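This is entry_26.tsv (TSV, C-alpha atoms).
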```tsv
chain	number	residue	atom	x	y	z
A	1	MET	CA	78.56	172.08	47.56
A	2	THR	CA	77.99	170.17	50.81
A	3	LYS	CA	80.61	167.50	51.44
A	4	ILE	CA	79.49	163.88	51.55
A	5	PHE	CA	81.19	161.63	54.09
A	6	SER	CA	81.84	158.11	52.83
A	7	PRO	CA	84.00	155.51	54.62
A	8	LYS	CA	86.26	153.30	52.54
A	9	LYS	CA	84.52	150.24	51.20
A	10	LEU	CA	85.77	146.72	51.81
A	11	ILE	CA	86.79	146.36	48.16
A	12	GLU	CA	89.22	149.27	48.59
A	13	VAL	CA	91.08	147.49	51.39
A	14	ALA	CA	91.00	143.71	51.07
A	15	LEU	CA	89.20	140.77	49.47
A	16	PRO	CA	89.44	136.97	49.83
A	17	LEU	CA	90.50	136.69	46.20
A	18	ASP	CA	91.56	133.04	46.38
A	19	ASP	CA	88.07	132.03	47.50
A	20	ILE	CA	86.40	134.15	44.83
A	21	ASN	CA	88.64	132.78	42.07
A	22	ALA	CA	88.13	129.19	43.22
A	23	ALA	CA	84.36	129.64	43.02
A	24	ALA	CA	84.38	131.01	39.46
A	25	ARG	CA	83.78	127.60	37.86
A	26	GLU	CA	80.45	128.39	36.27
A	27	LYS	CA	81.33	127.28	32.74
A	28	ALA	CA	80.92	123.72	33.97
A	29	ILE	CA	77.48	124.41	35.47
A	30	ARG	CA	74.44	123.66	33.38
A	31	HIS	CA	71.50	123.61	35.80
A	32	GLY	CA	69.96	126.89	36.92
A	33	HIS	CA	72.52	129.09	35.16
A	34	PRO	CA	71.38	131.94	32.86
A	35	SER	CA	73.72	130.65	30.15
A	36	THR	CA	71.33	127.71	29.70
A	37	LEU	CA	68.73	130.27	28.59
A	38	HIS	CA	70.99	132.37	26.42
A	39	LEU	CA	74.65	133.01	25.59
A	40	TRP	CA	76.41	136.32	25.91
A	41	TRP	CA	79.89	137.59	25.13
A	42	ALA	CA	82.28	138.23	28.00
A	43	ARG	CA	79.81	137.01	30.58
A	44	ARG	CA	80.76	137.94	34.14
A	45	PRO	CA	80.81	134.96	36.54
A	46	LEU	CA	77.80	135.32	38.84
A	47	ALA	CA	79.79	134.41	41.96
A	48	ALA	CA	82.43	137.03	41.26
A	49	ALA	CA	79.79	139.67	40.48
A	50	ARG	CA	77.98	138.87	43.73
A	51	ALA	CA	81.19	139.15	45.77
A	52	VAL	CA	82.32	142.39	44.13
A	53	ILE	CA	78.95	144.10	44.57
A	54	PHE	CA	78.83	143.06	48.22
A	55	ALA	CA	82.38	144.36	48.78
A	56	GLN	CA	81.43	147.65	47.11
A	57	MET	CA	78.44	148.12	49.39
A	58	VAL	CA	79.88	147.33	52.83
A	59	ASN	CA	82.18	149.67	54.75
A	60	ASP	CA	85.63	148.50	55.71
A	61	PRO	CA	85.74	148.41	59.53
A	62	GLY	CA	89.28	149.83	59.78
A	63	TYR	CA	89.81	153.15	61.56
A	64	GLN	CA	89.54	156.16	59.26
A	65	GLN	CA	90.15	159.78	60.18
A	66	GLY	CA	90.22	162.94	58.15
A	67	GLU	CA	88.03	164.47	55.46
A	68	GLY	CA	85.83	165.80	58.27
A	69	PHE	CA	84.79	162.53	59.93
A	70	LYS	CA	85.99	159.62	62.02
A	71	TYR	CA	84.92	156.04	61.45
A	72	GLY	CA	85.92	152.48	62.31
A	73	VAL	CA	87.72	150.60	65.07
A	74	ASN	CA	91.31	149.79	66.01
A	75	LYS	CA	93.44	147.42	63.94
A	76	ARG	CA	92.78	144.27	66.00
A	77	GLU	CA	89.00	144.75	66.11
A	78	ALA	CA	88.98	145.67	62.44
A	79	GLU	CA	90.69	142.40	61.51
A	80	ILE	CA	88.02	140.45	63.40
A	81	LYS	CA	85.16	142.35	61.77
A	82	ARG	CA	86.80	142.14	58.36
A	83	GLU	CA	87.12	138.37	58.71
A	84	LYS	CA	83.37	138.16	59.41
A	85	LEU	CA	82.74	140.00	56.14
A	86	PHE	CA	85.15	137.64	54.37
A	87	ALA	CA	83.17	134.70	55.78
A	88	ILE	CA	80.00	136.10	54.21
A	89	ILE	CA	81.80	136.43	50.86
A	90	ARG	CA	83.12	132.86	51.08
A	91	ASP	CA	79.56	131.62	51.54
A	92	LEU	CA	78.14	133.96	48.88
A	93	VAL	CA	80.41	132.70	46.12
A	94	LYS	CA	79.45	129.04	46.52
A	95	TRP	CA	77.15	128.04	43.67
A	96	GLU	CA	75.01	125.92	45.98
A	97	ASN	CA	74.27	129.06	48.04
A	98	THR	CA	72.99	131.07	45.08
A	99	ASN	CA	69.44	130.98	46.46
A	100	ASN	CA	70.28	130.20	50.08
A	101	GLU	CA	68.17	132.76	51.94
A	102	GLU	CA	70.12	132.40	55.19
A	103	VAL	CA	73.38	133.32	53.45
A	104	LEU	CA	71.77	136.06	51.36
A	105	ASN	CA	70.07	137.57	54.40
A	106	ARG	CA	73.41	137.80	56.22
A	107	ALA	CA	74.82	139.67	53.24
A	108	ARG	CA	71.76	141.92	52.95
A	109	GLU	CA	71.91	142.80	56.65
A	110	ALA	CA	75.61	143.67	56.40
A	111	ILE	CA	74.84	145.97	53.46
A	112	LYS	CA	71.99	147.62	55.39
A	113	GLN	CA	74.20	148.10	58.44
A	114	SER	CA	76.89	149.83	56.39
A	115	TRP	CA	74.29	152.05	54.75
A	116	ARG	CA	72.85	153.02	58.15
A	117	GLU	CA	76.36	153.96	59.32
A	118	THR	CA	76.90	156.09	56.20
A	119	CYS	CA	73.54	157.78	56.73
A	120	GLU	CA	74.50	158.57	60.33
A	121	LEU	CA	77.70	160.25	59.14
A	122	ASN	CA	75.67	162.39	56.75
A	123	LYS	CA	72.65	163.14	58.93
A	124	HIS	CA	73.38	166.89	58.82
A	125	HIS	CA	73.49	167.03	55.04
A	126	PRO	CA	70.82	169.50	53.80
A	127	GLN	CA	69.32	166.76	51.61
A	128	ALA	CA	69.72	163.99	54.18
A	129	ASP	CA	66.01	163.03	54.07
A	130	GLU	CA	66.28	162.44	50.33
A	131	LEU	CA	69.81	161.14	49.89
A	132	PHE	CA	70.53	159.40	53.19
A	133	ASN	CA	67.38	157.62	54.26
A	134	PRO	CA	68.60	154.75	56.48
A	135	ASP	CA	65.48	152.73	55.61
A	136	LYS	CA	65.99	152.89	51.85
A	137	LEU	CA	69.10	151.47	50.21
A	138	PRO	CA	70.51	153.31	47.21
A	139	ALA	CA	69.42	151.90	43.86
A	140	PHE	CA	71.83	150.07	41.56
A	141	HIS	CA	72.18	150.88	37.85
A	142	ASP	CA	74.28	149.13	35.22
A	143	PRO	CA	74.19	151.33	32.08
A	144	PHE	CA	75.82	148.67	29.88
A	145	ALA	CA	74.27	145.57	31.38
A	146	GLY	CA	74.92	143.10	28.55
A	147	GLY	CA	74.03	139.60	29.73
A	148	GLY	CA	72.69	140.93	33.02
A	149	ALA	CA	74.99	139.18	35.51
A	150	ILE	CA	75.76	142.34	37.52
A	151	PRO	CA	72.22	143.76	37.91
A	152	LEU	CA	70.91	140.24	38.59
A	153	GLU	CA	73.32	139.79	41.49
A	154	ALA	CA	72.63	143.32	42.80
A	155	GLN	CA	68.95	142.40	42.91
A	156	ARG	CA	69.75	139.14	44.69
A	157	LEU	CA	71.57	141.16	47.37
A	158	GLY	CA	68.46	143.23	48.03
A	159	LEU	CA	69.17	146.31	45.91
A	160	GLU	CA	66.63	147.95	43.63
A	161	SER	CA	68.27	147.10	40.33
A	162	TYR	CA	68.13	148.90	36.98
A	163	ALA	CA	69.76	147.86	33.73
A	164	SER	CA	70.10	149.40	30.29
A	165	ASP	CA	71.91	148.64	27.07
A	166	LEU	CA	71.96	149.81	23.44
A	167	ASN	CA	71.68	146.24	22.16
A	168	PRO	CA	67.99	145.16	21.94
A	169	VAL	CA	68.96	141.54	22.63
A	170	ALA	CA	70.57	142.60	25.89
A	171	VAL	CA	67.45	144.60	26.78
A	172	MET	CA	65.27	141.53	26.22
A	173	ILE	CA	67.61	139.36	28.30
A	174	ASN	CA	67.54	141.79	31.22
A	175	LYS	CA	63.76	142.13	31.06
A	176	ALA	CA	63.49	138.36	31.33
A	177	MET	CA	65.97	138.11	34.21
A	178	ILE	CA	65.52	141.18	36.41
A	179	GLU	CA	62.36	143.04	35.40
A	180	ILE	CA	59.63	140.43	34.90
A	181	PRO	CA	60.34	137.87	37.71
A	182	PRO	CA	59.99	140.39	40.60
A	183	LYS	CA	56.52	141.34	39.35
A	184	PHE	CA	55.37	137.78	40.02
A	185	ALA	CA	57.38	137.13	43.19
A	186	GLY	CA	55.50	135.07	45.75
A	187	ILE	CA	52.54	134.46	43.43
A	188	ALA	CA	51.21	130.94	42.85
A	189	PRO	CA	51.00	129.67	39.24
A	190	VAL	CA	47.73	130.27	37.41
A	191	GLY	CA	48.08	127.93	34.44
A	192	PRO	CA	46.14	124.65	34.20
A	193	ILE	CA	47.84	121.65	35.76
A	194	PRO	CA	48.95	119.17	33.06
A	195	GLU	CA	47.06	115.88	33.22
A	196	SER	CA	50.31	113.97	33.65
A	197	VAL	CA	51.17	115.89	36.82
A	198	LYS	CA	49.65	114.67	40.07
A	199	GLN	CA	48.26	117.34	42.36
A	200	LYS	CA	50.10	115.89	45.35
A	201	ASN	CA	53.43	116.44	43.64
A	202	LEU	CA	52.95	120.20	43.50
A	203	MET	CA	54.80	122.36	46.01
A	204	ASP	CA	53.04	124.63	48.47
A	205	ASP	CA	55.86	127.16	48.65
A	206	TRP	CA	55.72	129.64	45.79
A	207	SER	CA	58.28	132.07	47.19
A	208	GLY	CA	60.50	134.03	44.85
A	209	ALA	CA	59.75	133.42	41.17
A	210	GLN	CA	58.88	129.74	41.61
A	211	GLY	CA	55.26	130.35	40.65
A	212	LEU	CA	56.30	132.05	37.41
A	213	ALA	CA	58.75	129.24	36.65
A	214	GLU	CA	56.00	126.66	37.19
A	215	ASP	CA	53.68	128.52	34.80
A	216	VAL	CA	56.43	128.51	32.16
A	217	ARG	CA	56.80	124.75	32.66
A	218	ARG	CA	53.04	124.22	32.35
A	219	TYR	CA	52.62	126.24	29.20
A	220	GLY	CA	55.65	124.55	27.66
A	221	HIS	CA	54.46	121.09	28.68
```

Taking this structure as input, can you express it in the form of structure tokens?
Amino acid sequence: MTKIFSPKKLIEVALPLDDINAAAREKAIRHGHPSTLHLWWARRPLAAARAVIFAQMVNDPGYQQGEGFKYGVNKREAEIKREKLFAIIRDLVKWENTNNEEVLNRAREAIKQSWRETCELNKHHPQADELFNPDKLPAFHDPFAGGGAIPLEAQRLGLESYASDLNPVAVMINKAMIEIPPKFAGIAPVGPIPESVKQKNLMDDWSGAQGLAEDVRRYGH
């Protein structure tokens, strides 16, 4: 079996735990949170899930040698680079940044950069074209997705996300949160405008799932 070279991930070395814990205040949030749509047992805080997935996907910048490869920089440079990754996490876990594209794009680019570095280390693998395509991030799968917090946040970070569960309620929840919205991403609403809504009050930007959300509002009007 051909050896796969994989640098240590950030989560294996260090995390800004105080910032992540301070941000896990979602039980007090009622607007825009999935729990307003449904309840689920042992729900994972979205901010914590987002931070953990990011830390699992980015390489720790510290110097690593052995196992057939060399990677990383010296201790001083590593601390600087690690702090930049911590800064991304501190911004990611803020509830007000949940849909902040500038913050999310910084996180997505860091994930892509780490993946490109991993692909470079494995460019001589006999299945490199299939397994280590620097232009295609690995997919994410949660086999026991439950309320969907983890696959939802993986999708938010730019990963192709898959979820499964034995419980049919969980399956329905995940279909509503991570399967259906991407199919309508960037599409304007098609439902009739309610008479009580003035045309000038409608937005022109239907990025993300805003068009789908508007259709739900119209049909439930």

Neighbour list for Ala24 in chain A as a list of chain:residue names, cut-off 12 Å, all atoms listed in the file, skip fewer than 6 positions in-chain: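 With the cut-off at 12 Å, the set is A:Leu17, A:Asp18, A:Arg43, A:Arg44, A:Pro45, A:Leu46, A:Ala47, A:Ala48, A:Ala49, A:Arg50, A:Ala51, A:Arg90, A:Leu92, A:Val93, A:Lys94, A:Trp95.
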
Out of A:Pro126, A:Pro143, A:Gly211, A:Pro7, which residue has the shortest atom-to-atom distance to Glu67 in chain A when counting only C-alpha atoms? A:Pro7

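Going from CA of Ala163 in chain A to CA of Val190 in chain A covers 28.4 Å.
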
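Restricting the calculation to all atoms listed in the file, the smallest distance between Ala176 in chain A and any of A:Glu101, A:Leu121, A:Ala209, A:Glu77 is found for A:Ala209.
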
Can you measure CA of Phe132 in chain A to CA of Glu117 in chain A for me? One decimal in Å is fine.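 Interatomic distance, CA of Phe132 in chain A to CA of Glu117 in chain A: 10.1 Å.
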
For a test of reading the model, state the distance in Å between CA of Cys119 in chain A and CA of Phe5 in chain A, rounded to one decimal.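 Interatomic distance, CA of Cys119 in chain A to CA of Phe5 in chain A: 9.0 Å.
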
Between A:Arg76, A:Lys136, A:Arg116, A:Arg106, which one has atoms that come closest to Ser6 in chain A, using all atoms listed in the file?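 Comparing A:Arg76, A:Lys136, A:Arg116, A:Arg106 against Ser6 in chain A, the winner is A:Arg116.
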
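Considering the residues A:Trp41, A:Tyr71, A:Phe86, A:Phe144 and counting only C-alpha atoms, Ala55 in chain A has its shortest atom-to-atom contact with A:Phe86.
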
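Minimum distance to Tyr63 in chain A across A:Val13, A:Glu160, A:Leu166, A:Ala110 (counting only C-alpha atoms) occurs at A:Val13.
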
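Remark: for Leu15 in chain A, the closest of the candidate residues A:Asn133, A:Asn105, A:Thr2, A:Gln56 is A:Gln56 (distances computed over all atoms listed in the file).
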
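Using only C-alpha atoms, the protein and nucleic acid residues lying no more than 8 Å from Asp142 in chain A, apart from those fewer than 3 places from it along its own chain, are Ala145, Ile150, Pro151, Tyr162, Ala163 and Ser164 of chain A.
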
Give me the residues within 10 Å of Asn74 in chain A as a PDB file with C-alpha atoms, in the frame of the given file, counting all atoms listed in the file and dropping any in the same chain fewer than 5 places off.
```
ATOM      1  CA  PRO A  61      85.740 148.410  59.530  1.00  0.00           C
ATOM      2  CA  GLY A  62      89.280 149.830  59.780  1.00  0.00           C
ATOM      3  CA  TYR A  63      89.810 153.150  61.560  1.00  0.00           C
ATOM      4  CA  GLN A  64      89.540 156.160  59.260  1.00  0.00           C
ATOM      5  CA  GLU A  79      90.690 142.400  61.510  1.00  0.00           C
TER       6      GLU A  79
END
```

Incomplete range 46-57 of chain A brought to N, CA and C atoms, written out as an mmCIF file, in the frame of the given file:
```cif
data_model
loop_
_atom_site.group_PDB
_atom_site.id
_atom_site.type_symbol
_atom_site.label_atom_id
_atom_site.label_comp_id
_atom_site.auth_asym_id
_atom_site.auth_seq_id
_atom_site.Cartn_x
_atom_site.Cartn_y
_atom_site.Cartn_z
ATOM 1 N N LEU A 46 78.774 134.834 37.873
ATOM 2 C CA LEU A 46 77.800 135.320 38.840
ATOM 3 C C LEU A 46 78.403 135.417 40.239
ATOM 4 N N ALA A 47 79.201 134.416 40.626
ATOM 5 C CA ALA A 47 79.790 134.410 41.960
ATOM 6 C C ALA A 47 80.703 135.607 42.165
ATOM 7 N N ALA A 48 81.521 135.899 41.156
ATOM 8 C CA ALA A 48 82.430 137.030 41.260
ATOM 9 C C ALA A 48 81.654 138.349 41.302
ATOM 10 N N ALA A 49 80.608 138.460 40.481
ATOM 11 C CA ALA A 49 79.790 139.670 40.480
ATOM 12 C C ALA A 49 79.133 139.881 41.832
ATOM 13 N N ARG A 50 78.633 138.807 42.407
ATOM 14 C CA ARG A 50 77.980 138.870 43.730
ATOM 15 C C ARG A 50 78.965 139.354 44.785
ATOM 16 N N ALA A 51 80.174 138.798 44.765
ATOM 17 C CA ALA A 51 81.190 139.150 45.770
ATOM 18 C C ALA A 51 81.637 140.590 45.608
ATOM 19 N N VAL A 52 81.842 141.033 44.375
ATOM 20 C CA VAL A 52 82.320 142.390 44.130
ATOM 21 C C VAL A 52 81.272 143.430 44.531
ATOM 22 N N ILE A 53 80.017 143.164 44.189
ATOM 23 C CA ILE A 53 78.950 144.100 44.570
ATOM 24 C C ILE A 53 78.837 144.198 46.085
ATOM 25 N N PHE A 54 78.891 143.059 46.758
ATOM 26 C CA PHE A 54 78.830 143.060 48.220
ATOM 27 C C PHE A 54 79.988 143.884 48.794
ATOM 28 N N ALA A 55 81.200 143.654 48.275
ATOM 29 C CA ALA A 55 82.380 144.360 48.780
ATOM 30 C C ALA A 55 82.336 145.854 48.468
ATOM 31 N N GLN A 56 81.600 146.237 47.437
ATOM 32 C CA GLN A 56 81.430 147.650 47.110
ATOM 33 C C GLN A 56 80.420 148.329 48.027
ATOM 34 N N MET A 57 79.529 147.544 48.610
ATOM 35 C CA MET A 57 78.440 148.120 49.390
ATOM 36 C C MET A 57 78.722 148.169 50.887
#
```
